[in-house]
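Chemist: Right, I'll just put the structure down here and ask away after.
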Amino acid sequence: MVFFRKSLSEDFVDRYNHTWFFWSLLVLSVVTWLLPLSPTLHPIKTSGLQREYSAHCWCPSEFTNAHRAYTETICGTAFNRKLRNEPQSGDVQLQMASDPDLDILHTEAVANETIHLAPGVESDVYLEFFLFVKTPLMLFLFALCLKLPHYSWLQFASSYGGDLSKVLESSIQRTAGQDAESRRRTLQGILGAFSKSNPKWSAALWYLIFKGFMCIIAVGVVIKISFYLSPELEQLELLNSVLKAEHKTDLTNDILLCGFSIRSMGKIHRYTVQCGLDRVTPGISSGAAADIPLGLYKALYSALMFAFCALTVVNVLSLITWLSKLFRHRAARGLKLSLDGQLLVTLAHDNIEPLAGQELVETFGSLPTKAEENQVV
């Protein structure tokens, strides 16, 4: 298949792009996509596991058992509603001895505002979406961006003048074992047919466009990572630290001050009692919280940034080198090589051996020009 086969109509930089980088990104995409299935990974699920506490309160001596049960119910319920950042009902007022403003109870809402989550989007859900959906998808798109231009170039090269790669392969196979004169005549026949083909578009110019497009793709990936993905990951790392701190916060050693009203004997009496807290739902252990591999993802994006910066430099140097090969070297040889002929000779020199490239140059030099052909006719 043309999608997978190695072609002689490319150089080693093209193979870095569409082979090594493509398969590396594809493997990383699959690994990050399957990472949630790992039995050792237990990310925080704050939306599915809400913290919940029960209250046990020190009540006045005149309170009956029914009053005591009512007090603990309304104080515990009000505290849990405050934890979930839900509006309070009734006239229950809460304070904590260590945090009178109860700021510790709504750190997640502050974090959501910090990273500008859409309304109704849970912070932990978006965190897992970025790690296990968005990151694999972006890696797959990066790999696709490196592969599709190469595939387009191979499709063009295969339809140009009998296929550039096959022309080079034929020049090797059909001249194997021949003496110098026979090899020269064989090459003249192959290259004569190639030079007489008159395609609408120049293969050399298309190859330079392909090279320039690969430079643009590498630069685009660097911009995407440095200005969008990495800053977003840093914000999510801050959010993750907030979530871990919130779910590891031990409120059972604090004192809750709960103010409420009770109607008795036609009168409304206001009470403020001290309550202790018992956690009903289990806490998130520090080991489970650390299982979210944000450090691994930061290292991944740093490595991708370095790799694509290096790939950008390599592709730009490759484009400059090919411009020099196709124009400067062609003029220096003083032969009647077209741009496409120079492309063919250079590919033979790079992919086969230097002697093959020199032999093709000499063969091109011995071919008659169109003016000479018209004179013979």
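Ligands are numbered from 1 in the order shown, residues from 1 within each chain, and chains are lettered A, B, ... in the order they appear in the structure tokens.
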Could you list, as number ranges by chain, every residue within 9 Å of Ile74 in chain A, counting only C-alpha atoms and ignoring same-chain residues fewer than 5 positions away?

Modeler: A: 55, 69, 79, 92, 260

Chemist: Can you pull out every residue within 10 Å of range 310-319 of chain A, counting only C-alpha atoms, but drop anything in the same chain fewer than 2 positions away, and send it as a PDB file with N, CA and C atoms, in the first residue's frame?

Modeler:
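Contents of out.pdb, freshly written:
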ATOM      1  N   ASP A  11      13.303  12.116   1.133  1.00  0.00           N
ATOM      2  CA  ASP A  11      14.611  12.095   1.783  1.00  0.00           C
ATOM      3  C   ASP A  11      14.475  11.631   3.225  1.00  0.00           C
ATOM      4  N   PHE A  12      15.587  11.614   3.962  1.00  0.00           N
ATOM      5  CA  PHE A  12      15.569  11.068   5.322  1.00  0.00           C
ATOM      6  C   PHE A  12      14.734  11.937   6.263  1.00  0.00           C
ATOM      7  N   VAL A  13      14.635  13.253   6.013  1.00  0.00           N
ATOM      8  CA  VAL A  13      13.815  14.120   6.861  1.00  0.00           C
ATOM      9  C   VAL A  13      12.342  13.772   6.714  1.00  0.00           C
ATOM     10  N   ASP A  14      11.920  13.456   5.488  1.00  0.00           N
ATOM     11  CA  ASP A  14      10.530  13.025   5.281  1.00  0.00           C
ATOM     12  C   ASP A  14      10.231  11.765   6.077  1.00  0.00           C
ATOM     13  N   TYR A  16      11.690  10.881   8.894  1.00  0.00           N
ATOM     14  CA  TYR A  16      11.536  11.288  10.298  1.00  0.00           C
ATOM     15  C   TYR A  16      10.106  11.747  10.560  1.00  0.00           C
ATOM     16  N   ASN A  17       9.569  12.533   9.642  1.00  0.00           N
ATOM     17  CA  ASN A  17       8.227  13.088   9.838  1.00  0.00           C
ATOM     18  C   ASN A  17       7.164  12.016   9.822  1.00  0.00           C
ATOM     19  N   PHE A  21       8.187  10.028  13.849  1.00  0.00           N
ATOM     20  CA  PHE A  21       7.300  10.903  14.620  1.00  0.00           C
ATOM     21  C   PHE A  21       5.855  10.428  14.545  1.00  0.00           C
ATOM     22  N   TYR A 207       7.211  19.378  -4.566  1.00  0.00           N
ATOM     23  CA  TYR A 207       8.020  18.866  -3.465  1.00  0.00           C
ATOM     24  C   TYR A 207       8.445  20.001  -2.527  1.00  0.00           C
ATOM     25  N   LEU A 208       8.771  21.152  -3.087  1.00  0.00           N
ATOM     26  CA  LEU A 208       9.119  22.300  -2.252  1.00  0.00           C
ATOM     27  C   LEU A 208       7.913  22.789  -1.453  1.00  0.00           C
ATOM     28  N   ILE A 209       6.728  22.775  -2.084  1.00  0.00           N
ATOM     29  CA  ILE A 209       5.505  23.138  -1.351  1.00  0.00           C
ATOM     30  C   ILE A 209       5.257  22.157  -0.213  1.00  0.00           C
ATOM     31  N   PHE A 210       5.458  20.885  -0.491  1.00  0.00           N
ATOM     32  CA  PHE A 210       5.304  19.855   0.549  1.00  0.00           C
ATOM     33  C   PHE A 210       6.276  20.109   1.700  1.00  0.00           C
ATOM     34  N   LYS A 211       7.525  20.442   1.386  1.00  0.00           N
ATOM     35  CA  LYS A 211       8.521  20.730   2.417  1.00  0.00           C
ATOM     36  C   LYS A 211       8.108  21.949   3.244  1.00  0.00           C
ATOM     37  N   GLY A 212       7.640  23.007   2.570  1.00  0.00           N
ATOM     38  CA  GLY A 212       7.197  24.194   3.283  1.00  0.00           C
ATOM     39  C   GLY A 212       5.999  23.921   4.174  1.00  0.00           C
ATOM     40  N   PHE A 213       5.085  23.072   3.698  1.00  0.00           N
ATOM     41  CA  PHE A 213       3.905  22.734   4.485  1.00  0.00           C
ATOM     42  C   PHE A 213       4.294  21.973   5.748  1.00  0.00           C
ATOM     43  N   MET A 214       5.297  21.104   5.676  1.00  0.00           N
ATOM     44  CA  MET A 214       5.755  20.376   6.859  1.00  0.00           C
ATOM     45  C   MET A 214       6.358  21.333   7.881  1.00  0.00           C
ATOM     46  N   CYS A 215       7.046  22.375   7.416  1.00  0.00           N
ATOM     47  CA  CYS A 215       7.572  23.394   8.332  1.00  0.00           C
ATOM     48  C   CYS A 215       6.425  24.100   9.058  1.00  0.00           C
ATOM     49  N   ILE A 216       5.374  24.443   8.307  1.00  0.00           N
ATOM     50  CA  ILE A 216       4.224  25.130   8.901  1.00  0.00           C
ATOM     51  C   ILE A 216       3.548  24.236   9.943  1.00  0.00           C
ATOM     52  N   ILE A 217       3.416  22.954   9.650  1.00  0.00           N
ATOM     53  CA  ILE A 217       2.785  22.020  10.594  1.00  0.00           C
ATOM     54  C   ILE A 217       3.598  21.932  11.882  1.00  0.00           C
ATOM     55  N   ALA A 218       4.921  21.805  11.769  1.00  0.00           N
ATOM     56  CA  ALA A 218       5.762  21.710  12.962  1.00  0.00           C
ATOM     57  C   ALA A 218       5.656  22.968  13.812  1.00  0.00           C
ATOM     58  N   VAL A 219       5.671  24.139  13.173  1.00  0.00           N
ATOM     59  CA  VAL A 219       5.523  25.398  13.905  1.00  0.00           C
ATOM     60  C   VAL A 219       4.140  25.481  14.552  1.00  0.00           C
ATOM     61  N   GLY A 220       3.107  25.046  13.834  1.00  0.00           N
ATOM     62  CA  GLY A 220       1.749  25.078  14.385  1.00  0.00           C
ATOM     63  C   GLY A 220       1.600  24.205  15.618  1.00  0.00           C
ATOM     64  N   VAL A 221       2.237  23.036  15.620  1.00  0.00           N
ATOM     65  CA  VAL A 221       2.162  22.156  16.790  1.00  0.00           C
ATOM     66  C   VAL A 221       2.872  22.801  17.979  1.00  0.00           C
ATOM     67  N   VAL A 222       4.027  23.426  17.734  1.00  0.00           N
ATOM     68  CA  VAL A 222       4.741  24.119  18.817  1.00  0.00           C
ATOM     69  C   VAL A 222       3.872  25.218  19.413  1.00  0.00           C
ATOM     70  N   LEU A 304       7.248  16.732  23.997  1.00  0.00           N
ATOM     71  CA  LEU A 304       6.687  17.044  22.681  1.00  0.00           C
ATOM     72  C   LEU A 304       7.126  18.429  22.207  1.00  0.00           C
ATOM     73  N   MET A 305       7.167  19.379  23.122  1.00  0.00           N
ATOM     74  CA  MET A 305       7.612  20.724  22.772  1.00  0.00           C
ATOM     75  C   MET A 305       9.050  20.692  22.248  1.00  0.00           C
ATOM     76  N   PHE A 306       9.932  19.996  22.989  1.00  0.00           N
ATOM     77  CA  PHE A 306      11.334  19.910  22.565  1.00  0.00           C
ATOM     78  C   PHE A 306      11.450  19.186  21.229  1.00  0.00           C
ATOM     79  N   ALA A 307      10.709  18.084  21.067  1.00  0.00           N
ATOM     80  CA  ALA A 307      10.800  17.290  19.842  1.00  0.00           C
ATOM     81  C   ALA A 307      10.328  18.084  18.629  1.00  0.00           C
ATOM     82  N   PHE A 308       9.219  18.805  18.763  1.00  0.00           N
ATOM     83  CA  PHE A 308       8.699  19.542  17.606  1.00  0.00           C
ATOM     84  C   PHE A 308       9.509  20.807  17.335  1.00  0.00           C
ATOM     85  N   THR A 321      18.015  23.452   2.164  1.00  0.00           N
ATOM     86  CA  THR A 321      18.943  22.577   1.439  1.00  0.00           C
ATOM     87  C   THR A 321      18.388  22.195   0.079  1.00  0.00           C
ATOM     88  N   TRP A 322      17.092  21.880   0.023  1.00  0.00           N
ATOM     89  CA  TRP A 322      16.489  21.494  -1.260  1.00  0.00           C
ATOM     90  C   TRP A 322      16.395  22.675  -2.221  1.00  0.00           C
ATOM     91  N   LEU A 323      16.156  23.859  -1.707  1.00  0.00           N
ATOM     92  CA  LEU A 323      16.187  25.038  -2.573  1.00  0.00           C
ATOM     93  C   LEU A 323      17.568  25.208  -3.196  1.00  0.00           C
ATOM     94  N   SER A 324      18.595  24.978  -2.378  1.00  0.00           N
ATOM     95  CA  SER A 324      19.963  25.078  -2.903  1.00  0.00           C
ATOM     96  C   SER A 324      20.249  23.989  -3.919  1.00  0.00           C
ATOM     97  N   LYS A 325      19.789  22.763  -3.628  1.00  0.00           N
ATOM     98  CA  LYS A 325      20.051  21.646  -4.539  1.00  0.00           C
ATOM     99  C   LYS A 325      19.362  21.845  -5.885  1.00  0.00           C
TER     100      LYS A 325
END

Chemist: With a distance cut-off of 8 Å and only C-alpha atoms, select the neighbouring residues of Asn80 in chain A, excluding the residue or stretch itself and same-chain residues fewer than 4 positions from it, and output the selection as a PyMOL selection string.

Modeler: chain A and resi 51-53+76+84
